[in-house]
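The data block below is start.txt; it holds compact mmCIF, C-alpha atoms.
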# COMPACT_ATOMS: atom_id res chain seq x y z
CA MET A 1 -28.09 -36.59 139.66
CA LEU A 2 -25.53 -34.16 138.26
CA ALA A 3 -24.37 -36.84 135.84
CA LEU A 4 -27.88 -37.01 134.41
CA CYS A 5 -28.25 -33.24 134.06
CA LEU A 6 -25.04 -32.61 132.12
CA PRO A 7 -26.12 -34.47 128.95
CA LEU A 8 -29.49 -32.70 129.05
CA ALA A 9 -27.81 -29.30 129.33
CA ALA A 10 -25.58 -30.13 126.35
CA LEU A 11 -28.63 -31.09 124.32
CA GLY A 12 -29.97 -27.54 124.51
CA GLY A 13 -27.00 -26.27 122.54
CA CYS A 14 -27.22 -28.84 119.74
CA GLY A 15 -29.44 -26.71 117.51
CA LEU A 16 -32.56 -28.86 117.73
CA ALA A 17 -35.78 -26.88 117.78
CA PRO A 18 -39.43 -27.96 117.78
CA MET A 19 -40.77 -28.09 114.23
CA TYR A 20 -44.11 -26.56 115.11
CA ALA A 21 -42.81 -23.92 117.53
CA GLY A 22 -45.12 -20.92 117.58
CA GLY A 23 -48.28 -22.94 116.87
CA SER A 24 -50.42 -21.61 114.03
CA GLN A 25 -48.30 -18.43 113.87
CA GLY A 26 -44.99 -20.31 113.61
CA ALA A 27 -42.83 -20.40 110.51
CA VAL A 28 -43.73 -23.99 109.58
CA ALA A 29 -47.48 -23.46 109.99
CA ARG A 30 -47.32 -20.30 107.87
CA GLY A 31 -45.27 -22.13 105.23
CA LEU A 32 -47.72 -25.03 105.15
CA SER A 33 -50.66 -22.66 104.75
CA ASP A 34 -48.93 -21.28 101.64
CA VAL A 35 -49.24 -24.67 99.88
CA GLN A 36 -52.02 -25.08 97.32
CA VAL A 37 -53.04 -28.70 96.65
CA SER A 38 -53.81 -29.51 93.01
CA SER A 39 -56.72 -31.78 92.13
CA ILE A 40 -56.01 -35.51 92.35
CA GLU A 41 -57.85 -38.05 90.20
CA GLY A 42 -60.28 -40.66 91.50
CA GLN A 43 -61.95 -41.46 94.78
CA SER A 44 -58.66 -42.13 96.54
CA GLY A 45 -57.37 -38.82 95.16
CA TRP A 46 -60.38 -37.00 96.58
CA ILE A 47 -59.78 -38.56 100.01
CA VAL A 48 -56.03 -37.79 99.97
CA ARG A 49 -56.62 -34.22 98.79
CA ASN A 50 -59.16 -33.59 101.56
CA ALA A 51 -56.74 -34.96 104.16
CA LEU A 52 -53.99 -32.70 102.78
CA VAL A 53 -56.25 -29.64 102.74
CA ASP A 54 -57.24 -30.34 106.36
CA ARG A 55 -53.59 -30.41 107.40
CA LEU A 56 -52.20 -27.70 105.13
CA GLY A 57 -55.01 -25.20 104.80
CA ASN A 58 -54.88 -25.34 100.94
CA GLY A 59 -53.27 -22.02 100.30
CA ALA A 60 -55.13 -20.26 103.10
CA GLY A 61 -52.46 -17.55 103.04
CA ALA A 62 -53.02 -14.36 101.02
CA ALA A 63 -51.50 -15.89 97.88
CA PRO A 64 -50.15 -19.44 97.72
CA ARG A 65 -46.37 -19.64 97.27
CA TYR A 66 -46.24 -23.36 96.54
CA ARG A 67 -48.23 -25.95 94.59
CA LEU A 68 -48.42 -29.61 95.54
CA ASP A 69 -48.86 -31.99 92.60
CA VAL A 70 -49.76 -35.58 93.50
CA ARG A 71 -50.11 -38.76 91.45
CA LEU A 72 -51.51 -41.88 93.11
CA ASP A 73 -51.05 -45.57 92.44
CA GLU A 74 -53.65 -47.70 94.20
CA ARG A 75 -53.82 -51.49 94.29
CA LEU A 76 -56.10 -54.08 95.80
CA GLN A 77 -54.47 -57.50 95.80
CA GLY A 78 -56.10 -60.81 96.76
CA LEU A 79 -54.12 -62.98 99.16
CA GLY A 80 -54.76 -66.15 101.13
CA LEU A 81 -56.31 -68.39 98.48
CA LEU A 82 -58.25 -71.46 99.57
CA ALA A 83 -58.35 -74.74 97.65
CA ASP A 84 -61.45 -73.52 95.76
CA ASP A 85 -59.60 -70.31 94.70
CA ALA A 86 -61.63 -68.19 97.13
CA VAL A 87 -59.73 -65.16 98.43
CA THR A 88 -59.64 -64.88 102.23
CA ARG A 89 -57.55 -61.74 102.62
CA GLU A 90 -56.80 -58.62 100.58
CA ARG A 91 -54.03 -56.08 100.74
CA ARG A 92 -54.83 -52.49 99.78
CA THR A 93 -51.84 -50.29 98.96
CA LEU A 94 -51.67 -46.62 98.16
CA ARG A 95 -48.54 -44.94 96.86
CA ALA A 96 -48.22 -41.24 96.15
CA ARG A 97 -45.56 -39.52 94.09
CA TYR A 98 -45.63 -35.84 94.84
CA GLN A 99 -43.80 -32.65 93.96
CA LEU A 100 -43.73 -29.37 95.81
CA VAL A 101 -43.32 -26.57 93.28
CA ASP A 102 -42.31 -22.98 94.09
CA LEU A 103 -44.86 -20.90 92.16
CA GLY A 104 -42.54 -17.89 91.92
CA SER A 105 -39.63 -19.65 90.26
CA GLY A 106 -41.23 -22.87 88.97
CA LYS A 107 -38.50 -24.80 90.77
CA ILE A 108 -39.32 -28.22 92.22
CA LEU A 109 -38.42 -28.03 95.91
CA LEU A 110 -39.37 -31.59 96.80
CA ASP A 111 -39.89 -34.71 94.71
CA ALA A 112 -40.75 -37.68 96.89
CA THR A 113 -43.04 -40.64 97.49
CA ALA A 114 -45.23 -41.78 100.36
CA ALA A 115 -46.91 -45.13 100.76
CA ALA A 116 -49.13 -47.11 103.10
CA ASP A 117 -50.97 -50.40 103.05
CA ALA A 118 -53.65 -52.22 104.97
CA GLY A 119 -54.82 -55.82 105.24
CA ILE A 120 -58.49 -56.71 104.88
CA ASP A 121 -60.16 -59.97 105.92
CA ILE A 122 -62.69 -61.31 103.43
CA VAL A 123 -65.85 -62.53 105.15
CA SER A 124 -69.10 -63.96 103.86
CA SER A 125 -70.94 -60.62 103.97
CA GLU A 126 -70.30 -58.63 100.79
CA TYR A 127 -71.41 -55.44 102.54
CA ALA A 128 -68.86 -55.99 105.33
CA VAL A 129 -66.09 -56.50 102.78
CA ILE A 130 -66.99 -53.31 100.87
CA ALA A 131 -67.14 -51.35 104.14
CA ALA A 132 -63.75 -52.77 105.21
CA GLU A 133 -62.19 -51.87 101.86
CA GLN A 134 -63.52 -48.31 102.11
CA THR A 135 -62.33 -47.91 105.70
CA ALA A 136 -58.90 -49.23 104.74
CA LEU A 137 -58.71 -46.72 101.89
CA GLU A 138 -59.64 -43.83 104.17
CA ASN A 139 -57.06 -44.90 106.78
CA ILE A 140 -54.17 -45.32 104.36
CA ALA A 141 -55.09 -42.07 102.56
CA ARG A 142 -54.79 -40.18 105.87
CA GLU A 143 -51.50 -41.94 106.60
CA VAL A 144 -50.07 -41.04 103.19
CA ALA A 145 -51.22 -37.43 103.59
CA GLY A 146 -49.58 -37.29 107.03
CA GLN A 147 -46.28 -38.56 105.61
CA MET A 148 -46.43 -35.96 102.86
CA VAL A 149 -47.13 -33.06 105.24
CA THR A 150 -44.24 -34.11 107.49
CA ARG A 151 -41.81 -34.19 104.53
CA ILE A 152 -43.11 -30.86 103.22
CA ALA A 153 -42.76 -29.24 106.65
CA THR A 154 -39.20 -30.55 106.93
CA ARG A 155 -38.36 -29.21 103.46
CA LEU A 156 -39.85 -25.79 104.16
CA GLN A 157 -37.65 -25.49 107.25
CA GLN A 158 -34.52 -25.91 105.17
CA PRO A 159 -32.90 -22.90 103.53
CA ARG A 160 -33.82 -22.54 99.87

Once you've parsed the file, please lay out its structure as structure tokens.
Amino acid sequence: MLALCLPLAALGGCGLAPMYAGGSQGAVARGLSDVQVSSIEGQSGWIVRNALVDRLGNGAGAAPRYRLDVRLDERLQGLGLLADDAVTRERRTLRARYQLVDLGSGKILLDATAAADAGIDIVSSEYAVIAAEQTALENIAREVAGQMVTRIATRLQQPR
């Protein structure tokens, strides 16, 4: 039992700390609430921006310290062709290139990308296919937004 406790005791001194320590009053949460999300073009941009605002608070602090600029690349690709050239499966991809800009200095603190994709089965009902494509877009938009928030939170923890 002692052999198991020694590595755990050593881990406490390694400098690791929970990212979201302090909850909504913690340093990371306050930093994220200081991020203002710029407008993003298109339907997918609207969905991604809303997901980001939900997670960040869209500059809910007194005055935003950072601006998040996002450009999206969205693709819907047909896969699984039958002999009659009918598509049986689609792949929807969403890629975001984003920059976190310090509003005080104009310096780019983070320049990164996030991406996600989803597969969609093509069925005989056109309505079902449209609904599946929309659901896939909403899911990958939330996934991309989540990746972005995680990277931003990690960057805001680092010394400037």

From the set A:Val35, A:Leu156, A:Leu56, A:Leu79, which residue has the shortest atom-to-atom contact distance to A:Leu109, counting only C-alpha atoms?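 Under the stated criterion, the closest residue is A:Leu156.
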
Nearest to A:Gly104, chosen from A:Val53, A:Met148, A:Ala63, A:Ala132, with all atoms listed in the file counted in the distances: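 That would be A:Ala63, the residue with the smallest distance to A:Gly104.
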
Residue with smallest distance to A:Val87 - pool A:Ser38, A:Gln158, A:Ser124, A:Thr150, counting only C-alpha atoms: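 Among the listed residues, the smallest separation from A:Val87 belongs to A:Ser124.
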
Near-A:Val70 list (12 Å; all atoms listed in the file; drop same-chain fewer than 2 positions) as number ranges by chain: A: 36-42, 44-46, 48-49, 52, 67-68, 72-73, 95-101, 110-114, 144-145, 148

Just give me the gap between atom CA of A:Ile120 and atom CA of A:Asp84 in Å, one decimal is fine.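 Between these atoms lies a distance of 19.4 Å.
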
Quick one: of A:Ile108, A:Ala51, A:Ala116, A:Ala86, who's nearest to A:Arg155, counting all atoms listed in the file? A:Ile108
